[in-house]
>>> print(open('target-v5.txt').read())   # compact mmCIF, C-alpha atoms
# COMPACT_ATOMS: atom_id res chain seq x y z
CA MET H 8 -2.22 3.11 -48.22
CA GLU H 9 -4.48 6.02 -47.69
CA THR H 10 -4.27 8.68 -44.97
CA MET H 11 -7.44 9.50 -43.09
CA GLY H 12 -8.03 12.83 -41.39
CA SER H 13 -5.56 15.20 -39.77
CA LEU H 14 -4.26 12.69 -37.20
CA GLY H 15 -2.13 10.87 -39.73
CA VAL H 16 -4.06 7.58 -39.46
CA GLN H 17 -3.32 5.18 -42.30
CA ARG H 18 -5.32 2.21 -43.52
CA ARG H 19 -3.54 -0.68 -45.14
CA HIS H 20 -5.17 -2.36 -48.12
CA GLY H 21 -4.17 -5.47 -49.94
CA ALA H 22 -2.75 -8.87 -49.04
CA ALA H 23 -2.57 -8.27 -45.28
CA GLU H 24 -6.26 -7.42 -45.22
CA ALA H 25 -7.17 -10.55 -47.19
CA ARG H 26 -5.23 -12.85 -44.81
CA GLU H 27 -6.99 -11.52 -41.72
CA GLY H 28 -10.47 -11.92 -43.04
CA SER H 29 -12.82 -8.99 -42.80
CA ALA H 30 -10.99 -7.32 -39.92
CA LYS H 31 -9.28 -4.15 -41.06
CA LYS H 32 -6.05 -2.90 -39.48
CA ILE H 33 -5.47 0.72 -38.68
CA LYS H 34 -1.86 1.75 -38.29
CA MET H 35 -0.84 4.98 -36.58
CA ALA H 36 1.83 6.65 -38.69
CA LYS H 37 2.56 9.34 -36.13
CA ALA H 38 0.77 10.44 -33.00
CA ALA H 39 -0.97 13.77 -32.96
CA VAL H 40 0.60 16.54 -30.89
CA GLY H 41 -0.57 16.41 -27.29
CA TYR H 42 -1.47 12.72 -27.41
CA GLU H 43 1.95 11.30 -26.49
CA SER H 44 2.01 9.04 -23.50
CA PRO H 45 4.05 10.29 -20.56
CA PRO H 46 7.45 8.69 -20.06
CA VAL H 47 7.39 5.67 -17.81
CA GLU H 48 8.99 6.43 -14.46
CA ARG H 49 10.56 3.49 -12.76
CA ALA H 50 10.32 3.22 -9.02
CA PRO H 51 13.72 3.68 -7.42
CA ALA H 52 15.23 0.49 -6.07
CA LYS H 53 14.49 0.04 -2.41
CA LYS H 54 17.52 0.78 -0.32
CA LYS H 55 18.35 -1.65 2.41
CA THR H 56 18.38 -0.18 5.87
CA LYS H 57 20.03 -1.37 9.01
CA LYS H 58 19.95 -0.24 12.62
CA VAL H 59 23.05 1.43 14.04
CA MET H 60 23.75 2.82 17.50
CA LYS H 61 24.80 6.49 17.40
CA ALA H 62 25.96 8.70 20.23
CA VAL H 63 23.76 11.69 21.10
CA SER H 64 25.54 15.04 21.41
CA GLN H 65 25.76 16.64 24.84
CA ASP H 66 23.77 19.65 23.60
CA GLN H 67 20.89 17.38 22.58
CA VAL H 68 21.03 15.52 25.90
CA ASP H 69 20.92 18.82 27.82
CA PHE H 70 18.01 20.02 25.67
CA VAL H 71 15.94 16.86 26.31
CA LEU H 72 16.66 16.78 30.04
CA ALA H 73 15.81 20.49 30.44
CA ALA H 74 12.47 20.20 28.60
CA LYS H 75 9.37 20.83 30.70
CA PRO H 76 6.01 19.14 30.13
CA THR H 77 3.36 21.10 28.27
CA ILE H 78 0.71 22.57 30.55
CA ARG H 79 -2.83 22.77 29.18
CA THR H 80 -4.44 26.08 30.10
CA ARG H 81 -8.20 26.37 30.45
CA LEU H 82 -10.83 28.99 31.09
CA PRO H 83 -12.11 29.35 34.65
CA GLN H 84 -14.88 26.87 35.48
CA ASP H 85 -17.70 29.46 35.60
CA MET H 86 -16.84 30.84 32.11
CA GLN H 87 -16.28 27.37 30.71
CA ALA H 88 -19.78 26.11 31.45
CA ARG H 89 -21.45 29.03 29.65
CA ARG H 90 -19.33 29.12 26.49
CA ILE H 91 -18.53 25.50 25.68
CA THR H 92 -20.45 23.58 23.03
CA GLU H 93 -20.45 19.83 22.46
CA GLU H 94 -18.11 20.18 19.49
CA ARG H 95 -15.69 22.29 21.54
CA ARG H 96 -15.85 19.73 24.33
CA ARG H 97 -14.84 16.96 21.90
CA GLN H 98 -12.04 19.09 20.44
CA SER H 99 -10.80 19.95 23.92
CA ALA H 100 -10.75 16.28 24.87
CA ALA H 101 -8.73 15.47 21.73
CA VAL H 102 -6.21 18.24 22.52
CA ASP H 103 -5.97 17.01 26.12
CA GLU H 104 -5.15 13.51 24.86
CA ILE H 105 -2.45 14.82 22.48
CA VAL H 106 -0.84 16.91 25.23
CA ARG H 107 -0.97 13.95 27.62
CA CYS H 108 0.67 11.64 25.05
CA ASN H 109 3.41 14.17 24.24
CA ASN H 110 4.17 14.65 27.92
CA GLU H 111 4.34 10.87 28.41
CA ILE H 112 6.76 10.50 25.46
CA LEU H 113 8.95 13.27 26.90
CA ARG H 114 8.90 11.67 30.34
CA ARG H 115 9.96 8.27 28.92
CA LEU H 116 12.72 9.83 26.81
CA GLN H 117 14.09 11.73 29.80
CA ALA H 118 13.98 8.57 31.96
CA ASP H 119 15.82 6.61 29.24
CA TYR H 120 18.49 9.33 28.87
CA ARG H 121 18.99 9.50 32.65
CA HIS H 122 19.29 5.70 32.88
CA GLN H 123 21.89 5.59 30.07
CA ILE H 124 23.90 8.42 31.64
CA ASP H 125 23.88 6.63 35.01
CA THR H 126 24.90 3.25 33.56
CA LYS H 127 27.15 4.12 30.58
CA GLY H 128 28.04 7.76 31.11
CA CYS H 129 26.73 8.72 27.65
CA VAL H 130 23.56 8.38 25.58
CA HIS H 131 23.19 6.22 22.47
CA VAL H 132 20.13 5.90 20.26
CA GLU H 133 19.23 3.36 17.59
CA VAL H 134 19.08 4.92 14.11
CA ASP H 135 18.04 3.43 10.75
CA VAL H 136 20.65 4.06 8.06
CA THR H 137 20.79 3.04 4.41
CA ASP H 138 23.79 1.49 2.69
CA ASP H 139 24.69 4.92 1.27
CA GLU H 140 24.91 6.54 4.72
CA SER H 141 27.00 3.90 6.48
>>> encode(input="target-v5.txt", output="structure tokens")
Amino acid sequence: METMGSLGVQRRHGAAEAREGSAKKIKMAKAAVGYESPPVERAPAKKKTKKVMKAVSQDQVDFVLAAKPTIRTRLPQDMQARRITEERRRQSAAVDEIVRCNNEILRRLQADYRHQIDTKGCVHVEVDVTDDES
């Protein structure tokens, strides 16, 4: 065997080379520093989840029921017409939609909490838990 270069590459001569025809094998004796492959990280096993009903604390219920909808403030109409560009108009419409959706979610949550309090006397929500948490 002969070593080629500083990387520690070795060439094998002899019977093995004769059996394989004209193809020559190159065997790496040791990898050069900095050329090691990173360790293989295995993906963690997927944990099974299940849905469980949990009671909501009274503090959380009070917080949700006391929440007020977000009010979108705007410039007065006369100032708005002079200063608004098309890009700002699109951005404003997007913000309006987000505020509207958030207010709708809050309204539905409050209605659900009120309904549960009226019917059951307490509030329960459905929560996903893994096997470790149950």
>>> atom_distance(input="target-v5.txt", atom1="CA of Lys75 in chain H", atom2="CA of Arg114 in chain H")
9.2 Å
>>> atom_distance(input="target-v5.txt", atom1="CA of Lys53 in chain H", atom2="CA of Thr137 in chain H")
9.8 Å
>>> atom_distance(input="target-v5.txt", atom1="CA of Gln67 in chain H", atom2="CA of Val130 in chain H")
9.9 Å
>>> closest_residue(input="target-v5.txt", among="H:Glu94, H:Leu113, H:His122, H:Lys127", to="Phe70 in chain H", atoms="all atoms listed in the file")
H:Leu113
>>> axis_aligned_box(input="target-v5.txt", around="range 110-117 of chain H", padding_each_side="5 Å", output="lines of an AutoDock Vina configuration file")
center_x = 9.1
center_y = 11.5
center_z = 27.9
size_x = 19.9
size_y = 16.4
size_z = 14.9
